[in-house]
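Engineer: Contents are mmCIF, C-alpha atoms; file name run00.cif:
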```cif
data_my_file
loop_
_atom_site.label_atom_id
_atom_site.label_comp_id
_atom_site.auth_asym_id
_atom_site.auth_seq_id
_atom_site.Cartn_x
_atom_site.Cartn_y
_atom_site.Cartn_z
CA MET K 1 33.19 24.65 54.77
CA HIS K 2 33.99 21.81 57.18
CA SER K 3 31.03 20.61 59.22
CA VAL K 4 30.01 18.37 62.09
CA THR K 5 27.08 15.96 62.24
CA LEU K 6 24.69 16.53 65.14
CA ASN K 7 23.06 13.68 67.03
CA ASN K 8 19.93 13.81 64.83
CA GLY K 9 21.90 13.73 61.58
CA THR K 10 21.77 17.49 60.89
CA ARG K 11 24.97 18.90 59.41
CA MET K 12 26.35 22.07 61.04
CA PRO K 13 29.31 24.15 59.79
CA ILE K 14 32.13 24.01 62.33
CA LEU K 15 32.87 27.70 61.84
CA GLY K 16 30.13 30.33 61.84
CA PHE K 17 29.45 34.01 62.38
CA GLY K 18 28.10 35.38 65.65
CA VAL K 19 26.26 38.68 66.08
CA TYR K 20 26.31 39.09 69.86
CA GLN K 21 26.77 42.76 70.84
CA ILE K 22 26.52 43.97 67.24
CA PRO K 23 23.96 46.82 67.36
CA PRO K 24 20.85 46.17 65.25
CA GLU K 25 21.67 49.12 62.99
CA GLN K 26 25.03 47.52 62.12
CA THR K 27 23.94 43.89 62.01
CA GLU K 28 22.49 43.76 58.50
CA ARG K 29 25.72 45.13 57.00
CA ALA K 30 27.87 42.80 59.10
CA VAL K 31 25.87 39.70 58.16
CA THR K 32 25.84 40.74 54.51
CA ASP K 33 29.63 41.03 54.57
CA ALA K 34 29.97 37.72 56.42
CA LEU K 35 27.84 35.88 53.87
CA ALA K 36 29.84 37.45 51.05
CA ALA K 37 33.04 36.25 52.74
CA GLY K 38 31.73 32.69 52.76
CA TYR K 39 30.11 32.14 56.14
CA ARG K 40 27.06 29.90 56.04
CA GLN K 41 26.33 29.52 59.76
CA LEU K 42 24.74 32.52 61.52
CA ASP K 43 24.17 32.74 65.29
CA THR K 44 21.76 35.20 66.88
CA ALA K 45 19.29 35.27 69.79
CA ALA K 46 16.10 36.95 70.88
CA ALA K 47 18.07 38.66 73.67
CA TYR K 48 20.46 40.25 71.16
CA GLY K 49 17.70 42.36 69.62
CA ASN K 50 19.02 41.91 66.07
CA GLU K 51 17.13 38.92 64.67
CA GLU K 52 15.23 41.12 62.22
CA ALA K 53 18.45 42.57 60.82
CA VAL K 54 19.89 39.06 60.41
CA GLY K 55 16.75 38.05 58.53
CA ARG K 56 16.97 41.03 56.18
CA ALA K 57 20.56 40.18 55.30
CA VAL K 58 19.68 36.54 54.68
CA LYS K 59 16.80 37.49 52.41
CA ALA K 60 18.84 40.06 50.47
CA SER K 61 21.74 37.65 49.99
CA GLY K 62 19.87 35.44 47.54
CA ILE K 63 21.68 32.41 48.99
CA PRO K 64 19.42 29.32 48.87
CA ARG K 65 17.95 28.66 52.31
CA GLU K 66 19.22 25.07 52.32
CA GLU K 67 22.81 26.36 52.14
CA LEU K 68 22.45 28.35 55.37
CA PHE K 69 22.47 27.24 58.99
CA VAL K 70 20.65 29.75 61.21
CA THR K 71 20.64 29.55 65.01
CA THR K 72 18.61 31.62 67.43
CA LYS K 73 17.94 31.29 71.14
CA LEU K 74 15.08 31.25 73.62
CA TRP K 75 15.33 33.55 76.62
CA VAL K 76 14.29 32.53 80.15
CA GLN K 77 10.60 31.60 80.31
CA ASP K 78 8.48 31.29 83.44
CA ALA K 79 5.63 28.82 83.83
CA PRO K 80 3.61 28.03 81.81
CA ALA K 81 6.87 27.75 79.89
CA GLN K 82 5.47 25.47 77.19
CA ASP K 83 3.00 28.14 76.02
CA ASN K 84 5.51 30.96 76.45
CA THR K 85 8.22 29.08 74.58
CA ARG K 86 6.11 28.60 71.49
CA ARG K 87 5.13 32.27 71.46
CA ALA K 88 8.77 33.29 71.85
CA PHE K 89 9.81 30.97 69.04
CA GLU K 90 7.08 32.25 66.72
CA ARG K 91 8.21 35.80 67.37
CA SER K 92 11.83 34.92 66.58
CA LEU K 93 10.78 33.16 63.39
CA ALA K 94 8.77 36.22 62.33
CA GLU K 95 11.69 38.54 63.13
CA LEU K 96 14.00 36.38 61.03
CA GLY K 97 11.46 36.06 58.22
CA LEU K 98 12.05 32.31 58.01
CA ASP K 99 9.79 29.27 58.04
CA HIS K 100 12.21 27.29 60.22
CA VAL K 101 15.52 27.59 62.04
CA ASP K 102 18.33 25.08 61.87
CA LEU K 103 19.10 25.20 65.58
CA TYR K 104 17.06 26.55 68.49
CA LEU K 105 18.92 26.88 71.79
CA MET K 106 17.69 27.44 75.33
CA HIS K 107 19.81 30.48 76.14
CA GLN K 108 20.13 30.10 79.93
CA PRO K 109 19.66 27.22 82.39
CA PHE K 110 17.04 29.16 84.35
CA GLY K 111 13.27 29.45 84.64
CA ASP K 112 11.05 26.46 83.92
CA VAL K 113 13.85 24.60 82.15
CA HIS K 114 12.01 21.31 81.69
CA GLY K 115 8.83 23.01 80.50
CA GLN K 116 10.86 25.03 78.00
CA TRP K 117 12.63 21.91 76.78
CA ARG K 118 9.42 19.95 76.25
CA ALA K 119 8.05 22.79 74.14
CA MET K 120 11.29 22.82 72.18
CA GLU K 121 10.99 19.07 71.66
CA ASP K 122 7.60 19.73 70.03
CA LEU K 123 9.14 22.39 67.76
CA GLY K 124 11.75 19.86 66.71
CA ARG K 125 9.19 17.15 66.01
CA GLU K 126 7.20 19.59 63.87
CA GLY K 127 10.28 20.49 61.82
CA LEU K 128 10.17 24.15 62.85
CA ALA K 129 13.61 23.68 64.37
CA ARG K 130 15.83 21.16 62.60
CA ALA K 131 17.77 20.65 65.83
CA ILE K 132 17.37 21.83 69.42
CA GLY K 133 19.97 22.41 72.09
CA VAL K 134 21.03 24.46 75.07
CA SER K 135 23.50 27.16 76.05
CA ASN K 136 25.39 27.83 79.27
CA PHE K 137 24.55 24.47 80.84
CA TYR K 138 27.14 23.13 83.28
CA PRO K 139 27.58 19.33 83.29
CA ASP K 140 25.16 18.62 86.15
CA ARG K 141 22.36 20.69 84.58
CA LEU K 142 23.00 19.17 81.15
CA LEU K 143 22.89 15.62 82.49
CA ASP K 144 19.71 16.35 84.46
CA LEU K 145 18.04 17.55 81.27
CA ILE K 146 19.21 14.49 79.34
CA LEU K 147 18.04 12.02 81.97
CA HIS K 148 14.54 13.45 82.39
CA ASN K 149 13.52 14.18 78.81
CA GLU K 150 13.12 12.33 75.55
CA ILE K 151 15.40 14.27 73.20
CA VAL K 152 19.08 14.73 73.99
CA PRO K 153 20.24 18.29 73.22
CA ALA K 154 22.09 18.42 69.92
CA VAL K 155 24.37 21.26 71.07
CA ASN K 156 25.56 22.94 74.26
CA GLN K 157 26.97 26.40 73.53
CA ILE K 158 29.24 27.46 76.38
CA GLU K 159 32.06 29.90 77.07
CA THR K 160 35.17 28.19 75.72
CA HIS K 161 38.57 29.71 74.94
CA PRO K 162 42.23 29.08 75.82
CA PHE K 163 41.79 30.45 79.35
CA PHE K 164 38.62 28.42 80.09
CA GLN K 165 38.88 25.23 78.08
CA ARG K 166 35.99 23.20 79.55
CA THR K 167 37.68 19.80 79.24
CA ALA K 168 35.35 17.99 81.67
CA ASP K 169 32.31 19.56 79.99
CA HIS K 170 33.68 18.48 76.60
CA ASP K 171 34.15 14.89 77.74
CA LEU K 172 30.63 14.65 79.17
CA MET K 173 29.12 16.11 76.00
CA ARG K 174 31.04 13.67 73.84
CA GLU K 175 29.89 10.76 76.03
CA HIS K 176 26.23 11.73 75.52
CA GLY K 177 26.37 12.79 71.88
CA VAL K 178 26.05 16.54 72.50
CA GLN K 179 28.03 18.85 70.21
CA HIS K 180 30.28 21.31 72.05
CA GLN K 181 29.98 24.85 70.70
CA SER K 182 32.06 27.80 71.87
CA TRP K 183 30.93 31.31 72.61
CA GLY K 184 33.54 33.92 73.49
CA GLY K 185 36.24 32.00 71.66
CA PHE K 186 38.54 35.04 71.73
CA ALA K 187 37.66 35.82 75.37
CA GLU K 188 36.84 39.30 74.04
CA GLY K 189 40.57 39.95 74.08
CA ARG K 190 40.91 39.45 77.84
CA ASN K 191 44.28 38.29 79.23
CA ASN K 192 45.84 39.95 76.17
CA LEU K 193 44.71 37.06 73.99
CA PHE K 194 45.50 38.76 70.69
CA THR K 195 49.07 39.54 71.77
CA HIS K 196 49.64 36.54 74.03
CA PRO K 197 53.25 35.33 73.62
CA VAL K 198 52.36 31.62 73.41
CA LEU K 199 49.62 32.15 70.83
CA GLY K 200 51.79 34.66 68.96
CA GLU K 201 54.78 32.31 68.78
CA ILE K 202 52.63 29.47 67.50
CA GLY K 203 51.03 31.82 64.98
CA THR K 204 54.42 33.00 63.71
CA ALA K 205 55.43 29.39 63.07
CA HIS K 206 52.43 29.00 60.76
CA ASP K 207 52.30 32.55 59.38
CA LYS K 208 49.00 33.04 61.17
CA SER K 209 47.63 35.44 63.79
CA ALA K 210 46.93 34.57 67.41
CA ALA K 211 43.21 34.71 66.62
CA GLN K 212 43.63 32.20 63.80
CA VAL K 213 45.57 29.91 66.13
CA VAL K 214 42.70 30.02 68.64
CA LEU K 215 40.14 29.16 65.97
CA ARG K 216 42.29 26.30 64.70
CA TRP K 217 42.74 25.03 68.27
CA LEU K 218 38.96 24.97 68.76
CA ILE K 219 38.37 23.25 65.42
CA GLN K 220 40.96 20.56 66.19
CA ARG K 221 39.08 19.88 69.42
CA ASP K 222 35.92 19.38 67.29
CA ILE K 223 34.33 22.46 68.85
CA VAL K 224 32.00 24.59 66.74
CA THR K 225 32.95 28.25 66.96
CA ILE K 226 31.27 31.54 65.99
CA PRO K 227 33.76 34.43 65.89
CA LYS K 228 32.34 37.93 65.57
CA SER K 229 33.70 40.91 63.68
CA VAL K 230 32.30 43.91 61.81
CA ASP K 231 35.46 44.24 59.71
CA PRO K 232 35.32 42.37 56.36
CA GLY K 233 39.07 41.80 56.37
CA ARG K 234 38.95 40.20 59.81
CA MET K 235 35.95 38.10 58.77
CA ALA K 236 37.98 36.70 55.87
CA GLN K 237 40.98 36.09 58.12
CA ASN K 238 38.84 34.17 60.60
CA LEU K 239 37.75 31.83 57.80
CA ASP K 240 41.33 31.25 56.70
CA VAL K 241 42.12 28.52 59.22
CA PHE K 242 41.76 25.32 57.25
CA ASP K 243 45.17 25.33 55.54
CA PHE K 244 47.31 24.53 58.59
CA GLU K 245 47.32 22.18 61.55
CA LEU K 246 48.60 22.54 65.09
CA GLY K 247 50.98 19.86 66.30
CA ASP K 248 50.53 17.92 69.52
CA ASP K 249 53.15 20.04 71.27
CA GLU K 250 51.39 23.25 70.17
CA MET K 251 48.03 21.94 71.36
CA ALA K 252 49.66 21.09 74.69
CA ARG K 253 51.18 24.58 75.02
CA ILE K 254 47.72 26.10 74.51
CA GLY K 255 46.27 23.55 76.90
CA ALA K 256 48.60 24.84 79.60
CA LEU K 257 46.90 28.27 79.42
CA ASP K 258 43.70 26.96 81.01
CA THR K 259 42.78 28.68 84.29
CA GLY K 260 39.64 26.61 84.81
CA ALA K 261 37.55 29.73 85.40
CA SER K 262 35.36 32.09 83.41
CA VAL K 263 36.80 35.44 82.38
CA PHE K 264 33.25 36.86 82.24
CA PHE K 265 30.92 35.61 84.96
CA TYR K 266 29.86 32.46 86.78
CA HIS K 267 26.40 31.07 85.99
CA ARG K 268 26.10 29.63 89.49
CA ASP K 269 26.64 32.98 91.19
CA PRO K 270 23.32 33.90 92.89
CA GLU K 271 23.75 37.54 91.92
CA MET K 272 24.15 36.56 88.27
CA VAL K 273 21.16 34.19 88.43
CA ALA K 274 19.05 37.04 89.84
CA ARG K 275 20.28 39.47 87.18
CA LEU K 276 19.55 37.12 84.28
CA GLY K 277 16.20 36.11 85.79
CA LYS K 278 15.07 39.73 85.93
CA HIS K 279 15.96 40.42 82.30
CA ARG K 280 12.96 39.91 80.07
CA VAL K 281 12.56 39.49 76.34
CA ASP K 282 9.02 40.16 75.16
CA ASN K 283 7.13 37.13 73.94
#
```
Could you render the structure as structure tokens?
Structural biologist:
Amino acid sequence: MHSVTLNNGTRMPILGFGVYQIPPEQTERAVTDALAAGYRQLDTAAAYGNEEAVGRAVKASGIPREELFVTTKLWVQDAPAQDNTRRAFERSLAELGLDHVDLYLMHQPFGDVHGQWRAMEDLGREGLARAIGVSNFYPDRLLDLILHNEIVPAVNQIETHPFFQRTADHDLMREHGVQHQSWGGFAEGRNNLFTHPVLGEIGTAHDKSAAQVVLRWLIQRDIVTIPKSVDPGRMAQNLDVFDFELGDDEMARIGALDTGASVFFYHRDPEMVARLGKHRVDN
């Protein structure tokens, strides 16, 4: 599996398996199938409610822990965020049945962000999280966090797909040594992604699907991606993207699909901020 090197030297597979919106009762089977297919990066979160199922699959797999890269995420914490963050992390670790995670992300740029980050810095120093990062941070919020804290986030996981390409975000992250990671790489099929004529034509030229073209496009931009599927055949297909390369003209054609806007929701919308702030994950 191809990998990237994070800003603290930790190696992270460039292609992983996400479990967002997979019900807990289906997650263990899905992760088991993903590991059997060859995935070694797993991405979950406290807010997904399926950390325990991920942990069961990891344990049952028999794969040496050092061969796996496991990410989970911290939900919004109010002050005193430093105490709450450690409790939330300890709960996630217990749910996963692990003695450390490879990457711990702040899931949303809300609540006592700086207090949460300082607690996460401590978790990183103690080796409980091999790397720490953030998710859903727009450039101004990311730079504010970098400028006022000691440890630069290793990763920023943000919505990124052909219709919302995040070029300015990508450039800022590269400038400051933050790894760009995509969530929603397939845009959940919005804008007819899986049957889009541009993606389909490019795929036909390489004997690949539109989905495989999207994954290859992300990888060639050095963006870590975590496609989700509960179908073993589709899992295998999503891994089969390292035997072809998109040309400059093909990358440009995909680049022209960018709308510059989310196909899901805007994190700066007050209504969305209120909705996320009211959602609680027990500590």
Engineer: Specify the axis-aligned box that encloses all atoms of stretch 85-98 of chain K listed in the file after padding of 5 Å on each side, stating its centre and edge lengths in Å to one decimal as AutoDock Vina command-line options.
Structural biologist:
```
--center_x 9.6 --center_y 33.6 --center_z 66.3 --size_x 18.9 --size_y 19.9 --size_z 26.6
```
Engineer: What's the separation between atom CA of K:Arg130 and atom CA of K:Tyr104, in Å to one decimal place?
Structural biologist: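 One can read the atom CA of K:Arg130 to atom CA of K:Tyr104 distance as 8.1 Å.
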Engineer: Within 10 Å of K:Lys73, counting all atoms listed in the file, which residues qualify if same-chain residues fewer than 5 places away don't, as a VMD selection string?
Structural biologist: chain K and resid 43 to 48 88 to 89 92 103 to 108 132 to 135
Engineer: Keeping only C-alpha atoms, write those residues as a tab-separated table (two decimals), in the frame of the given file.
Structural biologist:
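Output file result13.tsv follows:
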```
chain	number	residue	atom	x	y	z
K	43	ASP	CA	24.17	32.74	65.29
K	44	THR	CA	21.76	35.20	66.88
K	45	ALA	CA	19.29	35.27	69.79
K	46	ALA	CA	16.10	36.95	70.88
K	47	ALA	CA	18.07	38.66	73.67
K	48	TYR	CA	20.46	40.25	71.16
K	88	ALA	CA	8.77	33.29	71.85
K	89	PHE	CA	9.81	30.97	69.04
K	92	SER	CA	11.83	34.92	66.58
K	103	LEU	CA	19.10	25.20	65.58
K	104	TYR	CA	17.06	26.55	68.49
K	105	LEU	CA	18.92	26.88	71.79
K	106	MET	CA	17.69	27.44	75.33
K	107	HIS	CA	19.81	30.48	76.14
K	108	GLN	CA	20.13	30.10	79.93
K	132	ILE	CA	17.37	21.83	69.42
K	133	GLY	CA	19.97	22.41	72.09
K	134	VAL	CA	21.03	24.46	75.07
K	135	SER	CA	23.50	27.16	76.05
```
Engineer: Written as number ranges by chain, what is the full residue list that the PyMOL selection byres ((chain K and resi 209-221) around 10) yields on the file shown?
Structural biologist: K: 2-3, 14-15, 160-162, 165, 167, 170, 180-182, 185-186, 189, 193-208, 222-227, 234, 237-247, 250-251, 254-255
Engineer: Please dump the current selection as a PDB file, keeping the file's coordinate frame; keep C-alpha atoms.
Structural biologist:
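Wrote it out as result.pdb, contents follow:
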```pdb
ATOM      1  CA  HIS K   2      33.990  21.810  57.180  1.00  0.00           C
ATOM      2  CA  SER K   3      31.030  20.610  59.220  1.00  0.00           C
ATOM      3  CA  ILE K  14      32.130  24.010  62.330  1.00  0.00           C
ATOM      4  CA  LEU K  15      32.870  27.700  61.840  1.00  0.00           C
ATOM      5  CA  THR K 160      35.170  28.190  75.720  1.00  0.00           C
ATOM      6  CA  HIS K 161      38.570  29.710  74.940  1.00  0.00           C
ATOM      7  CA  PRO K 162      42.230  29.080  75.820  1.00  0.00           C
ATOM      8  CA  GLN K 165      38.880  25.230  78.080  1.00  0.00           C
ATOM      9  CA  THR K 167      37.680  19.800  79.240  1.00  0.00           C
ATOM     10  CA  HIS K 170      33.680  18.480  76.600  1.00  0.00           C
ATOM     11  CA  HIS K 180      30.280  21.310  72.050  1.00  0.00           C
ATOM     12  CA  GLN K 181      29.980  24.850  70.700  1.00  0.00           C
ATOM     13  CA  SER K 182      32.060  27.800  71.870  1.00  0.00           C
ATOM     14  CA  GLY K 185      36.240  32.000  71.660  1.00  0.00           C
ATOM     15  CA  PHE K 186      38.540  35.040  71.730  1.00  0.00           C
ATOM     16  CA  GLY K 189      40.570  39.950  74.080  1.00  0.00           C
ATOM     17  CA  LEU K 193      44.710  37.060  73.990  1.00  0.00           C
ATOM     18  CA  PHE K 194      45.500  38.760  70.690  1.00  0.00           C
ATOM     19  CA  THR K 195      49.070  39.540  71.770  1.00  0.00           C
ATOM     20  CA  HIS K 196      49.640  36.540  74.030  1.00  0.00           C
ATOM     21  CA  PRO K 197      53.250  35.330  73.620  1.00  0.00           C
ATOM     22  CA  VAL K 198      52.360  31.620  73.410  1.00  0.00           C
ATOM     23  CA  LEU K 199      49.620  32.150  70.830  1.00  0.00           C
ATOM     24  CA  GLY K 200      51.790  34.660  68.960  1.00  0.00           C
ATOM     25  CA  GLU K 201      54.780  32.310  68.780  1.00  0.00           C
ATOM     26  CA  ILE K 202      52.630  29.470  67.500  1.00  0.00           C
ATOM     27  CA  GLY K 203      51.030  31.820  64.980  1.00  0.00           C
ATOM     28  CA  THR K 204      54.420  33.000  63.710  1.00  0.00           C
ATOM     29  CA  ALA K 205      55.430  29.390  63.070  1.00  0.00           C
ATOM     30  CA  HIS K 206      52.430  29.000  60.760  1.00  0.00           C
ATOM     31  CA  ASP K 207      52.300  32.550  59.380  1.00  0.00           C
ATOM     32  CA  LYS K 208      49.000  33.040  61.170  1.00  0.00           C
ATOM     33  CA  ASP K 222      35.920  19.380  67.290  1.00  0.00           C
ATOM     34  CA  ILE K 223      34.330  22.460  68.850  1.00  0.00           C
ATOM     35  CA  VAL K 224      32.000  24.590  66.740  1.00  0.00           C
ATOM     36  CA  THR K 225      32.950  28.250  66.960  1.00  0.00           C
ATOM     37  CA  ILE K 226      31.270  31.540  65.990  1.00  0.00           C
ATOM     38  CA  PRO K 227      33.760  34.430  65.890  1.00  0.00           C
ATOM     39  CA  ARG K 234      38.950  40.200  59.810  1.00  0.00           C
ATOM     40  CA  GLN K 237      40.980  36.090  58.120  1.00  0.00           C
ATOM     41  CA  ASN K 238      38.840  34.170  60.600  1.00  0.00           C
ATOM     42  CA  LEU K 239      37.750  31.830  57.800  1.00  0.00           C
ATOM     43  CA  ASP K 240      41.330  31.250  56.700  1.00  0.00           C
ATOM     44  CA  VAL K 241      42.120  28.520  59.220  1.00  0.00           C
ATOM     45  CA  PHE K 242      41.760  25.320  57.250  1.00  0.00           C
ATOM     46  CA  ASP K 243      45.170  25.330  55.540  1.00  0.00           C
ATOM     47  CA  PHE K 244      47.310  24.530  58.590  1.00  0.00           C
ATOM     48  CA  GLU K 245      47.320  22.180  61.550  1.00  0.00           C
ATOM     49  CA  LEU K 246      48.600  22.540  65.090  1.00  0.00           C
ATOM     50  CA  GLY K 247      50.980  19.860  66.300  1.00  0.00           C
ATOM     51  CA  GLU K 250      51.390  23.250  70.170  1.00  0.00           C
ATOM     52  CA  MET K 251      48.030  21.940  71.360  1.00  0.00           C
ATOM     53  CA  ILE K 254      47.720  26.100  74.510  1.00  0.00           C
ATOM     54  CA  GLY K 255      46.270  23.550  76.900  1.00  0.00           C
TER      55      GLY K 255
END
```
Engineer: Excluding stretch 114-124 of chain K and any residue of its chain fewer than 2 positions from it, enumerate the residues within 10 Å of it, using only C-alpha atoms, and give them as an mmCIF file with C-alpha atoms, keeping the file's coordinate frame.
Structural biologist:
```
data_model
loop_
_atom_site.group_PDB
_atom_site.id
_atom_site.type_symbol
_atom_site.label_atom_id
_atom_site.label_comp_id
_atom_site.auth_asym_id
_atom_site.auth_seq_id
_atom_site.Cartn_x
_atom_site.Cartn_y
_atom_site.Cartn_z
ATOM 1 C CA LEU K 74 15.080 31.250 73.620
ATOM 2 C CA TRP K 75 15.330 33.550 76.620
ATOM 3 C CA VAL K 76 14.290 32.530 80.150
ATOM 4 C CA GLN K 77 10.600 31.600 80.310
ATOM 5 C CA ASP K 78 8.480 31.290 83.440
ATOM 6 C CA ALA K 79 5.630 28.820 83.830
ATOM 7 C CA PRO K 80 3.610 28.030 81.810
ATOM 8 C CA ALA K 81 6.870 27.750 79.890
ATOM 9 C CA GLN K 82 5.470 25.470 77.190
ATOM 10 C CA ASP K 83 3.000 28.140 76.020
ATOM 11 C CA ASN K 84 5.510 30.960 76.450
ATOM 12 C CA THR K 85 8.220 29.080 74.580
ATOM 13 C CA ARG K 86 6.110 28.600 71.490
ATOM 14 C CA PHE K 89 9.810 30.970 69.040
ATOM 15 C CA HIS K 100 12.210 27.290 60.220
ATOM 16 C CA VAL K 101 15.520 27.590 62.040
ATOM 17 C CA ASP K 102 18.330 25.080 61.870
ATOM 18 C CA LEU K 103 19.100 25.200 65.580
ATOM 19 C CA TYR K 104 17.060 26.550 68.490
ATOM 20 C CA LEU K 105 18.920 26.880 71.790
ATOM 21 C CA MET K 106 17.690 27.440 75.330
ATOM 22 C CA PRO K 109 19.660 27.220 82.390
ATOM 23 C CA PHE K 110 17.040 29.160 84.350
ATOM 24 C CA GLY K 111 13.270 29.450 84.640
ATOM 25 C CA ASP K 112 11.050 26.460 83.920
ATOM 26 C CA GLU K 126 7.200 19.590 63.870
ATOM 27 C CA GLY K 127 10.280 20.490 61.820
ATOM 28 C CA LEU K 128 10.170 24.150 62.850
ATOM 29 C CA ALA K 129 13.610 23.680 64.370
ATOM 30 C CA ARG K 130 15.830 21.160 62.600
ATOM 31 C CA ALA K 131 17.770 20.650 65.830
ATOM 32 C CA ILE K 132 17.370 21.830 69.420
ATOM 33 C CA GLY K 133 19.970 22.410 72.090
ATOM 34 C CA VAL K 134 21.030 24.460 75.070
ATOM 35 C CA ASP K 144 19.710 16.350 84.460
ATOM 36 C CA LEU K 145 18.040 17.550 81.270
ATOM 37 C CA HIS K 148 14.540 13.450 82.390
ATOM 38 C CA ASN K 149 13.520 14.180 78.810
ATOM 39 C CA GLU K 150 13.120 12.330 75.550
ATOM 40 C CA ILE K 151 15.400 14.270 73.200
ATOM 41 C CA VAL K 152 19.080 14.730 73.990
ATOM 42 C CA PRO K 153 20.240 18.290 73.220
#
```
Engineer: In Å, rounded to a single decimal, give me how far atom CA of K:Gln21 is from atom CA of K:Lys228.
Structural biologist: 9.1 Å
Engineer: Please report the interatomic distance between atom CA of K:Val230 and atom CA of K:Val58 in Å with one decimal.
Structural biologist: 16.3 Å
Engineer: Here's the selection I'm unsure about, the PyMOL selection byres ((chain K and resi 54) around 8); applied to the file above, which residues does it give, as a PyMOL selection string?
Structural biologist: chain K and resi 27-28+31+44+50-53+55-58+96
Engineer: Just so the selection is clear, what residues does the PyMOL selection byres ((chain K and resi 259-272) around 8) cover here, as a list in words?
Structural biologist: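 On this input, the PyMOL selection byres ((chain K and resi 259-272) around 8) captures Asn136, Glu159, Phe163, Phe164, Gln165, Arg166, Ala187, Arg190, Leu257, Asp258, Val273, Ala274, Arg275 and Leu276 of chain K.
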Engineer: Please, can stretch 128-141 of chain K be completed to N, CA and C atoms and returned as a PDB file, in the frame of the given file?
Structural biologist:
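Result file out02.pdb:
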```pdb
ATOM      1  N   LEU K 128       9.968  22.700  62.794  1.00  0.00           N
ATOM      2  CA  LEU K 128      10.170  24.150  62.850  1.00  0.00           C
ATOM      3  C   LEU K 128      11.595  24.491  63.282  1.00  0.00           C
ATOM      4  N   ALA K 129      12.191  23.588  64.031  1.00  0.00           N
ATOM      5  CA  ALA K 129      13.610  23.680  64.370  1.00  0.00           C
ATOM      6  C   ALA K 129      14.229  22.347  63.954  1.00  0.00           C
ATOM      7  N   ARG K 130      15.217  22.402  63.068  1.00  0.00           N
ATOM      8  CA  ARG K 130      15.830  21.160  62.600  1.00  0.00           C
ATOM      9  C   ARG K 130      16.587  20.455  63.709  1.00  0.00           C
ATOM     10  N   ALA K 131      17.099  21.212  64.662  1.00  0.00           N
ATOM     11  CA  ALA K 131      17.770  20.650  65.830  1.00  0.00           C
ATOM     12  C   ALA K 131      17.525  21.585  67.004  1.00  0.00           C
ATOM     13  N   ILE K 132      17.559  21.028  68.210  1.00  0.00           N
ATOM     14  CA  ILE K 132      17.370  21.830  69.420  1.00  0.00           C
ATOM     15  C   ILE K 132      18.523  21.555  70.376  1.00  0.00           C
ATOM     16  N   GLY K 133      18.872  22.572  71.158  1.00  0.00           N
ATOM     17  CA  GLY K 133      19.970  22.410  72.090  1.00  0.00           C
ATOM     18  C   GLY K 133      19.889  23.432  73.203  1.00  0.00           C
ATOM     19  N   VAL K 134      20.988  23.585  73.914  1.00  0.00           N
ATOM     20  CA  VAL K 134      21.030  24.460  75.070  1.00  0.00           C
ATOM     21  C   VAL K 134      22.294  25.319  75.027  1.00  0.00           C
ATOM     22  N   SER K 135      22.336  26.291  75.924  1.00  0.00           N
ATOM     23  CA  SER K 135      23.500  27.160  76.050  1.00  0.00           C
ATOM     24  C   SER K 135      23.742  27.449  77.524  1.00  0.00           C
ATOM     25  N   ASN K 136      24.993  27.488  77.904  1.00  0.00           N
ATOM     26  CA  ASN K 136      25.390  27.830  79.270  1.00  0.00           C
ATOM     27  C   ASN K 136      25.006  26.790  80.316  1.00  0.00           C
ATOM     28  N   PHE K 137      24.868  25.545  79.902  1.00  0.00           N
ATOM     29  CA  PHE K 137      24.550  24.470  80.840  1.00  0.00           C
ATOM     30  C   PHE K 137      25.832  23.823  81.347  1.00  0.00           C
ATOM     31  N   TYR K 138      26.029  23.855  82.666  1.00  0.00           N
ATOM     32  CA  TYR K 138      27.140  23.130  83.280  1.00  0.00           C
ATOM     33  C   TYR K 138      26.815  21.633  83.273  1.00  0.00           C
ATOM     34  N   PRO K 139      27.808  20.772  83.450  1.00  0.00           N
ATOM     35  CA  PRO K 139      27.580  19.330  83.290  1.00  0.00           C
ATOM     36  C   PRO K 139      26.420  18.760  84.088  1.00  0.00           C
ATOM     37  N   ASP K 140      26.246  19.189  85.353  1.00  0.00           N
ATOM     38  CA  ASP K 140      25.160  18.620  86.150  1.00  0.00           C
ATOM     39  C   ASP K 140      23.797  18.991  85.591  1.00  0.00           C
ATOM     40  N   ARG K 141      23.635  20.246  85.153  1.00  0.00           N
ATOM     41  CA  ARG K 141      22.360  20.690  84.580  1.00  0.00           C
ATOM     42  C   ARG K 141      22.104  20.017  83.245  1.00  0.00           C
TER      43      ARG K 141
END
```
